[in-house]
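S.K.: Handing over start.cif, mmCIF, C-alpha atoms and all ligand atoms.
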```cif
data_structure
loop_
_atom_site.label_atom_id
_atom_site.label_comp_id
_atom_site.auth_asym_id
_atom_site.auth_seq_id
_atom_site.Cartn_x
_atom_site.Cartn_y
_atom_site.Cartn_z
CA MET A 1 -93.14 58.47 39.45
CA LYS A 2 -91.74 59.31 36.01
CA LEU A 3 -88.00 59.89 35.93
CA ARG A 4 -87.19 63.05 33.99
CA THR A 5 -83.81 61.95 32.66
CA LEU A 6 -81.27 63.76 30.50
CA ASN A 7 -82.14 61.58 27.50
CA ASN A 8 -82.80 63.50 24.28
CA LEU A 9 -82.14 66.95 25.75
CA ASP A 10 -80.23 69.51 23.73
CA PHE A 11 -77.82 71.43 25.96
CA LYS A 12 -75.68 73.11 23.31
CA GLY A 13 -74.79 76.59 24.56
CA LYS A 14 -77.34 76.31 27.38
CA THR A 15 -76.53 77.21 30.97
CA VAL A 16 -77.26 74.41 33.39
CA LEU A 17 -77.58 74.86 37.16
CA LEU A 18 -76.33 71.52 38.47
CA ARG A 19 -76.95 70.64 42.15
CA CYS A 20 -74.19 68.32 43.27
CA ASP A 21 -73.32 66.96 46.70
CA LEU A 22 -69.66 67.87 47.10
CA ASN A 23 -69.98 67.73 50.87
CA VAL A 24 -66.98 65.43 51.18
CA PRO A 25 -65.29 64.49 54.46
CA LEU A 26 -62.30 66.75 55.28
CA ASN A 27 -59.44 65.66 57.56
CA ASN A 28 -58.08 67.80 60.42
CA LYS A 29 -55.78 69.61 57.96
CA GLY A 30 -58.85 70.58 55.91
CA GLU A 31 -57.96 68.20 53.05
CA VAL A 32 -60.44 65.99 51.23
CA SER A 33 -60.26 62.53 52.81
CA ASP A 34 -62.71 60.66 50.56
CA ILE A 35 -63.57 61.43 46.92
CA THR A 36 -66.50 59.02 46.45
CA LYS A 37 -69.05 61.82 46.24
CA ILE A 38 -67.04 63.73 43.60
CA LYS A 39 -66.66 60.58 41.51
CA ARG A 40 -70.40 59.95 41.54
CA HIS A 41 -71.10 63.19 39.67
CA LYS A 42 -68.56 62.51 36.91
CA ILE A 43 -71.05 60.62 34.76
CA THR A 44 -73.46 63.60 34.69
CA ILE A 45 -70.76 66.22 34.24
CA ASP A 46 -69.05 64.31 31.41
CA GLU A 47 -72.38 64.07 29.59
CA LEU A 48 -73.06 67.80 30.01
CA ILE A 49 -69.56 68.70 28.78
CA ASP A 50 -70.07 66.39 25.83
CA LYS A 51 -73.39 68.02 25.04
CA LYS A 52 -71.68 71.45 25.19
CA ALA A 53 -73.53 72.93 28.15
CA LYS A 54 -72.15 75.74 30.31
CA ILE A 55 -72.23 74.24 33.78
CA LEU A 56 -72.77 76.14 37.02
CA ILE A 57 -72.19 73.80 39.95
CA ILE A 58 -74.12 74.41 43.13
CA SER A 59 -73.11 72.53 46.28
CA HIS A 60 -72.80 72.88 50.02
CA LEU A 61 -69.82 71.86 52.14
CA GLY A 62 -70.44 71.37 55.85
CA ARG A 63 -72.91 73.46 57.79
CA PRO A 64 -71.74 77.12 57.75
CA LYS A 65 -75.26 78.27 58.71
CA GLY A 66 -75.66 81.22 56.35
CA LYS A 67 -72.19 82.70 56.94
CA GLU A 68 -69.00 82.83 54.92
CA VAL A 69 -66.61 80.37 56.61
CA GLU A 70 -63.21 80.15 54.93
CA GLU A 71 -62.56 76.52 55.94
CA LEU A 72 -65.75 75.49 54.14
CA SER A 73 -65.04 77.28 50.86
CA LEU A 74 -65.49 75.12 47.77
CA ASN A 75 -61.88 76.12 46.98
CA LYS A 76 -60.99 73.32 49.43
CA ILE A 77 -62.21 70.70 47.02
CA SER A 78 -61.47 72.27 43.63
CA ASP A 79 -58.10 70.50 43.14
CA GLU A 80 -59.57 67.06 43.84
CA PHE A 81 -62.54 67.89 41.61
CA VAL A 82 -60.31 68.83 38.66
CA LYS A 83 -58.30 65.59 39.13
CA VAL A 84 -61.37 63.35 39.28
CA MET A 85 -63.00 65.02 36.28
CA ASN A 86 -59.75 64.91 34.36
CA ILE A 87 -60.19 68.49 33.14
CA LYS A 88 -57.74 71.38 32.91
CA GLU A 89 -59.49 73.92 35.11
CA ILE A 90 -62.62 75.22 36.72
CA THR A 91 -63.52 78.66 38.00
CA VAL A 92 -64.48 79.00 41.66
CA LEU A 93 -66.34 82.28 42.00
CA PRO A 94 -65.95 84.34 45.14
CA PHE A 95 -69.03 84.67 47.38
CA CYS A 96 -71.17 87.04 45.31
CA ARG A 97 -74.74 87.82 44.25
CA PRO A 98 -76.52 85.97 41.40
CA ASN A 99 -76.35 88.93 38.98
CA ILE A 100 -72.53 88.80 39.13
CA ILE A 101 -72.59 85.03 38.56
CA LYS A 102 -74.85 85.61 35.58
CA SER A 103 -72.46 88.09 33.97
CA VAL A 104 -69.51 85.71 34.47
CA LEU A 105 -71.43 82.80 32.93
CA LYS A 106 -72.26 84.87 29.85
CA GLU A 107 -68.56 85.02 28.98
CA LYS A 108 -67.95 81.31 29.57
CA LYS A 109 -67.36 78.79 26.79
CA GLU A 110 -69.49 75.77 26.00
CA GLY A 111 -68.33 72.79 28.09
CA SER A 112 -66.94 75.03 30.87
CA ILE A 113 -67.45 74.41 34.59
CA THR A 114 -67.98 77.19 37.12
CA PHE A 115 -68.51 76.73 40.87
CA MET A 116 -70.53 79.26 42.77
CA GLU A 117 -69.36 79.49 46.39
CA ASN A 118 -70.78 77.14 49.05
CA ILE A 119 -74.56 77.61 48.75
CA ARG A 120 -74.90 77.43 52.55
CA PHE A 121 -72.86 80.66 52.89
CA TYR A 122 -76.09 82.30 51.67
CA PRO A 123 -78.69 82.49 54.47
CA GLU A 124 -81.33 82.32 51.72
CA GLU A 125 -80.48 78.66 51.04
CA GLU A 126 -81.80 77.15 54.26
CA GLU A 127 -84.57 79.77 54.49
CA ASN A 128 -85.65 78.50 51.08
CA ASN A 129 -85.99 82.14 50.00
CA GLN A 130 -88.18 82.42 46.91
CA ASN A 131 -86.84 85.75 45.64
CA PHE A 132 -83.31 84.46 45.76
CA ALA A 133 -84.40 81.24 44.03
CA LYS A 134 -85.87 83.35 41.21
CA GLU A 135 -82.68 85.42 40.95
CA LEU A 136 -80.52 82.30 40.81
CA ALA A 137 -82.82 80.56 38.34
CA ALA A 138 -82.53 83.59 36.04
CA ILE A 139 -78.90 82.62 35.40
CA GLY A 140 -79.73 79.34 33.69
CA ASP A 141 -81.84 77.51 31.13
CA TYR A 142 -82.14 74.23 33.04
CA PHE A 143 -81.95 72.92 36.59
CA ILE A 144 -80.52 69.45 37.17
CA ASN A 145 -80.63 67.76 40.55
CA ASP A 146 -77.84 65.20 40.81
CA ALA A 147 -77.75 65.06 44.60
CA PHE A 148 -80.01 62.37 46.02
CA SER A 149 -78.08 62.67 49.28
CA VAL A 150 -79.33 66.24 49.89
CA SER A 151 -82.81 65.75 48.50
CA HIS A 152 -84.31 65.37 51.99
CA ARG A 153 -83.57 69.06 52.64
CA LYS A 154 -86.26 71.55 51.69
CA HIS A 155 -83.73 74.18 50.72
CA LEU A 156 -83.63 76.70 47.91
CA SER A 157 -81.16 74.71 45.79
CA THR A 158 -82.82 71.33 46.32
CA PHE A 159 -86.48 72.26 46.31
CA SER A 160 -87.18 75.69 44.83
CA LEU A 161 -85.01 76.02 41.74
CA SER A 162 -87.16 73.37 40.08
CA LYS A 163 -90.16 75.71 40.35
CA PHE A 164 -88.52 78.32 38.15
CA LEU A 165 -86.65 76.24 35.57
CA PRO A 166 -87.27 73.13 33.43
CA SER A 167 -85.86 70.48 35.75
CA TYR A 168 -84.31 67.05 35.29
CA LEU A 169 -82.53 64.29 37.17
CA GLY A 170 -78.79 63.96 36.82
CA ARG A 171 -77.40 60.53 35.95
CA SER A 172 -76.09 59.86 39.45
CA LEU A 173 -79.48 60.55 41.02
CA GLU A 174 -81.21 58.54 38.31
CA LEU A 175 -78.96 55.55 39.01
CA GLU A 176 -79.48 55.87 42.74
CA LEU A 177 -83.28 55.88 42.40
CA THR A 178 -83.34 53.06 39.88
CA MET A 179 -81.14 50.79 42.00
CA LEU A 180 -82.84 51.56 45.29
CA ASN A 181 -86.31 51.03 43.81
CA LYS A 182 -85.23 47.71 42.34
CA ILE A 183 -83.88 46.46 45.66
CA ASN A 184 -86.83 47.82 47.66
CA GLU A 185 -89.39 46.15 45.40
CA ASN A 186 -88.14 42.59 45.88
CA ILE A 187 -86.63 42.26 49.27
CA ASP A 188 -85.68 38.66 50.04
CA ARG A 189 -86.10 37.58 53.66
CA PRO A 190 -84.69 37.26 56.25
CA VAL A 191 -83.58 40.89 56.32
CA MET A 192 -80.98 42.37 58.62
CA ALA A 193 -80.52 46.09 59.23
CA ILE A 194 -77.34 47.35 60.86
CA ILE A 195 -77.60 50.85 62.28
CA GLY A 196 -74.68 52.65 63.87
CA GLY A 197 -73.24 56.14 63.99
CA SER A 198 -73.31 58.72 66.68
CA LYS A 199 -76.78 60.22 66.92
CA ILE A 200 -79.95 58.38 67.81
CA SER A 201 -82.02 61.55 67.32
CA THR A 202 -81.39 61.64 63.56
CA LYS A 203 -82.37 57.98 63.13
CA ILE A 204 -85.38 57.60 65.46
CA ASN A 205 -87.99 57.33 62.74
CA LEU A 206 -85.87 54.92 60.80
CA LEU A 207 -85.49 52.63 63.82
CA SER A 208 -89.24 52.67 64.55
CA ASN A 209 -89.92 51.87 60.92
CA LEU A 210 -87.25 49.22 60.50
CA VAL A 211 -88.42 47.06 63.38
CA LYS A 212 -91.67 46.58 61.46
CA LYS A 213 -89.88 45.48 58.32
CA VAL A 214 -86.73 43.57 59.24
CA ASP A 215 -86.06 40.29 61.02
CA PHE A 216 -82.86 41.40 62.75
CA LEU A 217 -81.92 44.90 63.85
CA VAL A 218 -78.31 45.37 64.91
CA ILE A 219 -77.55 48.53 66.88
CA GLY A 220 -73.94 49.64 67.18
CA GLY A 221 -71.92 52.84 67.41
CA ALA A 222 -72.78 55.48 70.00
CA MET A 223 -76.46 54.81 69.15
CA ALA A 224 -76.23 51.57 71.11
CA ASN A 225 -75.33 53.39 74.32
CA THR A 226 -78.86 54.71 74.85
CA PHE A 227 -80.11 51.13 74.47
CA LEU A 228 -77.55 49.96 77.05
CA ILE A 229 -78.57 52.56 79.66
CA GLU A 230 -82.20 51.61 79.10
CA LYS A 231 -81.12 48.18 80.37
CA GLU A 232 -79.50 49.95 83.35
CA LEU A 233 -76.01 48.96 82.26
CA ASN A 234 -73.03 51.16 83.09
CA ILE A 235 -71.55 52.83 79.99
CA GLY A 236 -68.95 54.96 81.83
CA ASN A 237 -67.94 58.09 79.87
CA SER A 238 -69.36 56.94 76.55
CA LEU A 239 -71.13 59.32 74.19
CA VAL A 240 -74.87 58.99 74.80
CA GLU A 241 -78.21 60.74 74.27
CA LYS A 242 -79.77 60.13 77.67
CA ASP A 243 -83.00 61.94 76.84
CA LYS A 244 -83.85 59.35 74.20
CA ILE A 245 -84.60 56.44 76.57
CA ASP A 246 -88.31 56.69 75.80
CA VAL A 247 -87.56 56.33 72.10
CA VAL A 248 -85.55 53.23 72.86
CA LYS A 249 -88.37 51.72 74.95
CA ASN A 250 -90.76 52.37 72.10
CA VAL A 251 -88.45 50.78 69.51
CA LEU A 252 -87.96 47.69 71.72
CA GLN A 253 -91.70 47.35 72.27
CA LYS A 254 -92.43 47.59 68.55
CA ALA A 255 -89.66 45.10 67.84
CA LYS A 256 -91.30 42.60 70.18
CA GLU A 257 -94.72 43.09 68.54
CA ASN A 258 -93.19 42.52 65.12
CA ASN A 259 -90.93 39.57 65.92
CA CYS A 260 -87.83 41.57 65.14
CA THR A 261 -84.73 40.43 67.04
CA VAL A 262 -82.69 43.38 68.30
CA ILE A 263 -78.97 42.67 68.61
CA LEU A 264 -77.10 44.95 71.01
CA PRO A 265 -73.43 44.93 72.02
CA LYS A 266 -72.72 42.43 74.78
CA GLU A 267 -68.99 42.90 74.44
CA VAL A 268 -67.43 46.29 73.83
CA VAL A 269 -64.02 47.78 73.09
CA VAL A 270 -63.17 50.47 75.61
CA SER A 271 -60.42 52.89 76.53
CA LYS A 272 -59.90 55.85 78.85
CA SER A 273 -59.65 58.16 75.85
CA LEU A 274 -59.36 58.06 72.08
CA ASN A 275 -55.64 58.92 72.25
CA GLY A 276 -54.53 56.32 74.74
CA ILE A 277 -54.71 53.17 72.67
CA GLU A 278 -52.37 51.34 75.05
CA ASN A 279 -55.37 51.11 77.41
CA VAL A 280 -57.68 49.52 74.87
CA LYS A 281 -59.57 46.47 76.19
CA ASN A 282 -62.22 44.11 74.89
CA ILE A 283 -64.62 43.54 77.80
CA ASN A 284 -68.04 42.25 78.62
CA ILE A 285 -70.38 45.21 79.13
CA SER A 286 -70.92 44.08 82.74
CA GLU A 287 -67.21 44.80 83.45
CA MET A 288 -67.46 48.49 82.51
CA ASP A 289 -65.75 51.11 84.73
CA ASN A 290 -66.80 54.74 85.19
CA ASP A 291 -63.58 56.16 83.70
CA LEU A 292 -63.85 54.15 80.47
CA ALA A 293 -65.70 54.92 77.23
CA ILE A 294 -67.03 52.55 74.56
CA TYR A 295 -65.44 53.20 71.16
CA ASP A 296 -66.33 50.00 69.28
CA ILE A 297 -68.31 46.80 69.62
CA GLY A 298 -66.41 43.74 70.88
CA GLU A 299 -65.34 40.33 69.59
CA LYS A 300 -68.28 38.16 70.69
CA THR A 301 -70.80 40.69 69.36
CA ILE A 302 -68.98 40.85 66.01
CA GLU A 303 -69.19 37.06 65.89
CA GLU A 304 -72.91 37.09 66.71
CA ILE A 305 -73.58 39.65 63.96
CA CYS A 306 -71.54 37.71 61.37
CA ASN A 307 -73.24 34.43 62.30
CA THR A 308 -76.66 36.08 61.91
CA ALA A 309 -75.66 37.74 58.63
CA VAL A 310 -74.95 34.31 57.15
CA THR A 311 -78.60 33.33 57.75
CA CYS A 312 -79.96 36.45 55.96
CA LYS A 313 -80.78 37.21 52.32
CA THR A 314 -80.78 41.02 52.49
CA ILE A 315 -78.60 43.33 54.55
CA PHE A 316 -78.98 47.09 54.86
CA TRP A 317 -76.32 49.09 56.69
CA ASN A 318 -76.08 52.72 57.76
CA GLY A 319 -73.67 54.08 60.35
CA PRO A 320 -70.19 52.91 61.43
CA LEU A 321 -70.21 50.59 64.45
CA GLY A 322 -67.28 52.30 66.15
CA VAL A 323 -65.09 55.41 65.94
CA TYR A 324 -63.72 54.19 62.62
CA GLU A 325 -61.58 57.30 62.17
CA VAL A 326 -59.24 56.11 64.96
CA PRO A 327 -57.82 52.57 64.63
CA PRO A 328 -58.26 50.07 66.26
CA PHE A 329 -61.84 51.29 66.75
CA ASP A 330 -62.49 50.61 63.04
CA ASN A 331 -62.18 46.87 63.74
CA SER A 332 -65.84 45.81 63.94
CA THR A 333 -66.81 47.94 60.93
CA ASN A 334 -64.00 46.35 58.91
CA VAL A 335 -64.63 42.75 59.99
CA ILE A 336 -68.39 42.95 59.48
CA GLY A 337 -67.86 44.83 56.20
CA ARG A 338 -65.55 42.06 54.99
CA THR A 339 -68.03 39.34 55.99
CA ILE A 340 -70.88 41.06 54.14
CA ALA A 341 -68.69 41.59 51.07
CA ILE A 342 -67.88 37.85 51.03
CA LEU A 343 -71.57 36.91 51.44
CA THR A 344 -72.45 39.31 48.63
CA LYS A 345 -69.78 37.93 46.29
CA GLY A 346 -71.06 34.41 46.99
CA ASN A 347 -74.59 35.51 46.01
CA ILE A 348 -75.81 34.67 49.50
CA VAL A 349 -77.02 38.18 50.32
CA THR A 350 -78.00 41.41 48.60
CA SER A 351 -76.29 44.20 50.48
CA VAL A 352 -77.01 47.92 50.49
CA VAL A 353 -74.82 50.35 52.36
CA GLY A 354 -75.39 54.08 52.72
CA GLY A 355 -74.09 57.12 54.57
CA GLY A 356 -71.14 59.46 54.06
CA ASP A 357 -69.19 58.13 57.03
CA THR A 358 -70.16 54.50 56.47
CA VAL A 359 -68.93 54.65 52.88
CA ALA A 360 -65.73 56.47 53.93
CA ALA A 361 -65.13 53.77 56.59
CA LEU A 362 -65.62 50.94 54.11
CA ASN A 363 -63.49 52.74 51.52
CA ASN A 364 -60.66 52.91 54.07
CA ALA A 365 -60.81 49.13 54.23
CA GLU A 366 -61.23 48.86 50.43
CA LEU A 367 -64.54 47.06 50.87
CA THR A 368 -67.11 49.19 49.05
CA GLY A 369 -66.62 47.23 45.82
CA GLY A 370 -67.95 44.14 47.57
CA PHE A 371 -71.49 45.45 48.22
CA SER A 372 -74.47 45.06 45.88
CA TYR A 373 -75.17 48.77 46.09
CA VAL A 374 -73.36 51.66 47.73
CA SER A 375 -75.37 54.83 48.23
CA ILE A 376 -73.62 58.07 49.14
CA ALA A 377 -76.77 59.20 50.89
CA GLY A 378 -77.08 59.05 54.68
CA GLY A 379 -80.01 61.09 55.98
CA ALA A 380 -81.73 61.14 52.58
CA LEU A 381 -81.56 57.35 52.26
CA VAL A 382 -82.91 56.99 55.78
CA GLU A 383 -85.91 59.22 54.95
CA TRP A 384 -86.48 57.53 51.61
CA LEU A 385 -86.52 54.12 53.32
CA GLU A 386 -89.02 55.49 55.82
CA GLY A 387 -91.27 56.09 52.82
CA LYS A 388 -91.14 59.88 53.10
CA LYS A 389 -91.44 62.12 50.04
CA LEU A 390 -88.17 63.90 49.49
CA PRO A 391 -88.51 67.65 48.67
CA GLY A 392 -85.69 67.41 46.10
CA LEU A 393 -87.66 64.85 44.10
CA GLN A 394 -91.02 66.55 44.32
CA PHE A 395 -90.71 68.11 40.85
CA LEU A 396 -90.94 64.61 39.40
CA GLU A 397 -94.51 64.35 40.64
CA ASN A 398 -95.76 67.61 39.19
CA LEU A 399 -96.00 66.36 35.65
P1 LIG B 1 -73.22 58.15 58.31
O1 LIG B 1 -72.57 59.43 57.83
O2 LIG B 1 -72.64 56.95 57.64
O3 LIG B 1 -74.74 58.21 58.25
P2 LIG B 1 -73.12 58.95 61.07
O4 LIG B 1 -72.77 60.35 60.66
O5 LIG B 1 -74.45 58.70 61.65
O6 LIG B 1 -72.84 57.95 59.87
O7 LIG B 1 -72.07 58.47 62.18
C1 LIG B 1 -70.68 58.47 61.99
C2 LIG B 1 -69.94 58.86 63.25
O8 LIG B 1 -70.29 58.01 64.35
C3 LIG B 1 -68.43 58.72 63.08
O9 LIG B 1 -67.84 60.00 63.15
C4 LIG B 1 -68.00 57.82 64.24
O10 LIG B 1 -66.79 58.23 64.87
C5 LIG B 1 -69.16 57.97 65.19
N1 LIG B 1 -69.24 56.84 66.16
C6 LIG B 1 -69.44 55.54 65.91
N2 LIG B 1 -69.36 54.81 67.04
C7 LIG B 1 -69.11 55.68 68.05
C8 LIG B 1 -68.90 55.55 69.46
N3 LIG B 1 -68.96 54.36 70.08
N4 LIG B 1 -68.66 56.68 70.18
C9 LIG B 1 -68.59 57.88 69.56
N5 LIG B 1 -68.80 58.08 68.23
C10 LIG B 1 -69.03 56.99 67.49
C1 LIG B 2 -74.73 64.34 53.59
O1 LIG B 2 -73.52 64.37 53.79
O2 LIG B 2 -75.49 63.44 54.05
C2 LIG B 2 -75.32 65.38 52.69
O3 LIG B 2 -74.31 66.15 52.08
C3 LIG B 2 -76.30 66.25 53.43
O4 LIG B 2 -75.66 67.06 54.36
P1 LIG B 2 -76.50 67.73 55.55
O5 LIG B 2 -76.86 66.62 56.52
O6 LIG B 2 -75.58 68.78 56.17
O7 LIG B 2 -77.74 68.34 54.96
MG MG B 3 -72.16 61.27 58.86
#
```
Let's see the structure in the file written out as structure tokens.

M.R.:
Amino acid sequence: MKLRTLNNLDFKGKTVLLRCDLNVPLNNKGEVSDITKIKRHKITIDELIDKKAKILIISHLGRPKGKEVEELSLNKISDEFVKVMNIKEITVLPFCRPNIIKSVLKEKKEGSITFMENIRFYPEEEENNQNFAKELAAIGDYFINDAFSVSHRKHLSTFSLSKFLPSYLGRSLELELTMLNKINENIDRPVMAIIGGSKISTKINLLSNLVKKVDFLVIGGAMANTFLIEKELNIGNSLVEKDKIDVVKNVLQKAKENNCTVILPKEVVVSKSLNGIENVKNINISEMDNDLAIYDIGEKTIEEICNTAVTCKTIFWNGPLGVYEVPPFDNSTNVIGRTIAILTKGNIVTSVVGGGDTVAALNNAELTGGFSYVSIAGGALVEWLEGKKLPGLQFLENL
């Protein structure tokens, strides 16, 4: 696959449609709680400003499902964006049709930045509507995809704009692909994959694929609960996808066939609710009560994972191992994160971490700097690792 980079392109006075992933985590007051994603686009945006392009930024925020939802307006992130980019101002357009955007852009100066409103306010985005794609493409001279993390979506702004405009990779996406390819090409064994998070259904294919490739598969987070009920263990009130037991059986069977050791929580951290931290206990899973819920993995399991990590050469991690947003349920994610960072610094392992929440969790503990590579992609990284072709990268193949 040839990377169509920004090298040697002349952008002076040209209008560039730039797909970014500004889908940052927001706290319960609606404020940006992690700016990693914004920072990743700075390298591309600085270059475009330098080359005197007029930039129209296209991004989604959350999942408004084709409706205008005030809490998910890109206005919510504009202040943080301006700070990170170190620029005086940007224009956030109201929710409007492409012809209006076009007329605004005509008046803009070289080096200016304009946001169109959350692309997922437009039902046409997820429908991948071709007429709308044409209308939007008519605003610009170039399309640049800088959002690896959304490239698994076959949406108008990730897939179709490239059909109607000369299209290139932004620097952030270029870096992501270059680094991931490099790591994927020479994986040193033994390999450990750590998969957590809340939803087994979004990571089924990844799990089935990973057991064929890795030596150790650690399952944590709410994902682990379906594995625990498959073993007929009581998980009390914990979050679980009960209808996925067959998937679990299949993953365990494949793991056996491929000599992959699956590590599940034997000790867990439980409480009656997320608010009542005075009731928090570290228990063996066999001591579980019906009125308790699992919010993190426990001490002995953390120790087992760290001891196994020391024997590995490559570690891949996606998904927090507990409800990291509510201390002390961030404990296992922090301790294991710290161990991997130390192993990475000592050149003992190559470590790759990905996922919006995973990166936010490790940022909270100031650990992201300790990993060999930090990807902001969650679902997209998972699909890329499965070997799937990502719709947002398809234009690279049509050369
Ligand atoms: P990423 O964005 O890194 O791919 P996910 O979105 O899959 O990660 O999962 C992150 C979410 O998983 C977090 O909101 C976290 O609170 C939740 N989670 C982790 N462990 C548990 C658990 N034991 N019970 C409920 N939710 C959990
Ligand atoms: C992400 O946060 O992984 C990306 O922004 C994609 O968001 P989505 O899962 O809503 O498509
Ligand atoms: Mg997430």

S.K.: Compile the contact shell of Val191 (chain A) as a CSV table (one decimal) with C-alpha atoms, in the coordinates of the input: residues with an atom at most 12 Å away, counting only C-alpha atoms, same-chain residues fewer than 3 positions apart removed.

M.R.:
```csv
chain,number,residue,atom,x,y,z
A,184,ASN,CA,-86.8,47.8,47.7
A,186,ASN,CA,-88.1,42.6,45.9
A,187,ILE,CA,-86.6,42.3,49.3
A,188,ASP,CA,-85.7,38.7,50.0
A,194,ILE,CA,-77.3,47.4,60.9
A,210,LEU,CA,-87.2,49.2,60.5
A,211,VAL,CA,-88.4,47.1,63.4
A,212,LYS,CA,-91.7,46.6,61.5
A,213,LYS,CA,-89.9,45.5,58.3
A,214,VAL,CA,-86.7,43.6,59.2
A,215,ASP,CA,-86.1,40.3,61.0
A,216,PHE,CA,-82.9,41.4,62.8
A,217,LEU,CA,-81.9,44.9,63.8
A,218,VAL,CA,-78.3,45.4,64.9
A,260,CYS,CA,-87.8,41.6,65.1
A,261,THR,CA,-84.7,40.4,67.0
A,308,THR,CA,-76.7,36.1,61.9
A,309,ALA,CA,-75.7,37.7,58.6
A,310,VAL,CA,-75.0,34.3,57.2
A,311,THR,CA,-78.6,33.3,57.8
A,312,CYS,CA,-80.0,36.4,56.0
A,313,LYS,CA,-80.8,37.2,52.3
A,314,THR,CA,-80.8,41.0,52.5
A,315,ILE,CA,-78.6,43.3,54.6
A,316,PHE,CA,-79.0,47.1,54.9
A,317,TRP,CA,-76.3,49.1,56.7
A,349,VAL,CA,-77.0,38.2,50.3
A,350,THR,CA,-78.0,41.4,48.6
A,351,SER,CA,-76.3,44.2,50.5
A,352,VAL,CA,-77.0,47.9,50.5
```

S.K.: Enter the distance from CA of Ser238 (chain A) to CA of Val335 (chain A), in Å, rounded to one decimal.

M.R.: 22.3 Å

S.K.: Please write out the residues within 8 Å of ligand LIG 2 (chain B) as a ChimeraX atom specification, counting all atoms listed in the file.

M.R.: /A:21-24,60-63,149-150,152-153,355-356,376-380

S.K.: Residues within 9 Å of ligand LIG 1 (chain B) should be enumerated using only C-alpha atoms and all ligand atoms and returned as a VMD selection string.

M.R.: chain A and resid 195 to 200 202 to 203 220 to 225 238 to 240 269 to 270 293 to 297 317 to 326 329 to 330 353 to 361 376 to 379 382

S.K.: Find the axis-aligned box for region 174-188 of chain A, covering all its listed atoms and adding 4 Å on each side, and write its centre and edge lengths in Å to one decimal as lines of an AutoDock Vina configuration file.

M.R.:
```
center_x = -84.2
center_y = 48.6
center_z = 44.2
size_x = 18.4
size_y = 27.9
size_z = 19.7
```

S.K.: Hey, can you check how far CA of Lys52 (chain A) sits from CA of Asn75 (chain A)?

M.R.: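 About the pair CA of Lys52 (chain A) and CA of Asn75 (chain A): they are 24.3 Å apart.
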
S.K.: Using CA of Glu174 (chain A) and CA of Ser112 (chain A) as the two end points, give the distance in Å to one decimal.

M.R.: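 A separation of 23.0 Å between them.
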
S.K.: Excluding region 53-58 of chain A and any residue of its chain fewer than 2 positions from it, enumerate the residues within 8 Å of it, using all atoms listed in the file, and give them as an MDAnalysis selection string.

M.R.: chainID A and resid 11:20 48:51 60 105 108:119 157

S.K.: Since we have the selection now, will you write its residues out, keeping C-alpha atoms, as an mmCIF file, in the coordinates of the input?

M.R.:
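And here is the file that came out, again_3.cif:
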```
data_model
loop_
_atom_site.group_PDB
_atom_site.id
_atom_site.type_symbol
_atom_site.label_atom_id
_atom_site.label_comp_id
_atom_site.auth_asym_id
_atom_site.auth_seq_id
_atom_site.Cartn_x
_atom_site.Cartn_y
_atom_site.Cartn_z
ATOM 1 C CA PHE A 11 -77.820 71.430 25.960
ATOM 2 C CA LYS A 12 -75.680 73.110 23.310
ATOM 3 C CA GLY A 13 -74.790 76.590 24.560
ATOM 4 C CA LYS A 14 -77.340 76.310 27.380
ATOM 5 C CA THR A 15 -76.530 77.210 30.970
ATOM 6 C CA VAL A 16 -77.260 74.410 33.390
ATOM 7 C CA LEU A 17 -77.580 74.860 37.160
ATOM 8 C CA LEU A 18 -76.330 71.520 38.470
ATOM 9 C CA ARG A 19 -76.950 70.640 42.150
ATOM 10 C CA CYS A 20 -74.190 68.320 43.270
ATOM 11 C CA LEU A 48 -73.060 67.800 30.010
ATOM 12 C CA ILE A 49 -69.560 68.700 28.780
ATOM 13 C CA ASP A 50 -70.070 66.390 25.830
ATOM 14 C CA LYS A 51 -73.390 68.020 25.040
ATOM 15 C CA HIS A 60 -72.800 72.880 50.020
ATOM 16 C CA LEU A 105 -71.430 82.800 32.930
ATOM 17 C CA LYS A 108 -67.950 81.310 29.570
ATOM 18 C CA LYS A 109 -67.360 78.790 26.790
ATOM 19 C CA GLU A 110 -69.490 75.770 26.000
ATOM 20 C CA GLY A 111 -68.330 72.790 28.090
ATOM 21 C CA SER A 112 -66.940 75.030 30.870
ATOM 22 C CA ILE A 113 -67.450 74.410 34.590
ATOM 23 C CA THR A 114 -67.980 77.190 37.120
ATOM 24 C CA PHE A 115 -68.510 76.730 40.870
ATOM 25 C CA MET A 116 -70.530 79.260 42.770
ATOM 26 C CA GLU A 117 -69.360 79.490 46.390
ATOM 27 C CA ASN A 118 -70.780 77.140 49.050
ATOM 28 C CA ILE A 119 -74.560 77.610 48.750
ATOM 29 C CA SER A 157 -81.160 74.710 45.790
#
```

S.K.: Would you kindly return, as a list in words, each protein, DNA or RNA residue with an atom no farther than 12 Å from any atom of Arg120 (chain A), considering all atoms listed in the file and excluding same-chain residues fewer than 5 positions away?

M.R.: Asn23, Ile58, Ser59, His60, Leu61, Gly62, Arg63, Pro64, Lys65, Gly66, Lys67, Glu68, Val69, Leu72, Ser73, Leu74, Phe95, Glu125, Glu126, Glu127, Asn128, His155, Leu156, Ser157 and Thr158 of chain A

S.K.: Using all atoms listed in the file, determine which residues lie at most 8 Å from region 282-287 of chain A, disregarding the query and same-chain residues fewer than 6 positions distant; provide the list as a ChimeraX atom specification.

M.R.: /A:233-235,265-270,298-299

S.K.: Counting only C-alpha atoms, figure out which residue out of A:Ser332, A:Ser162, A:Thr368, A:Ser172 gets nearest to Thr344 (chain A).

M.R.: A:Thr368
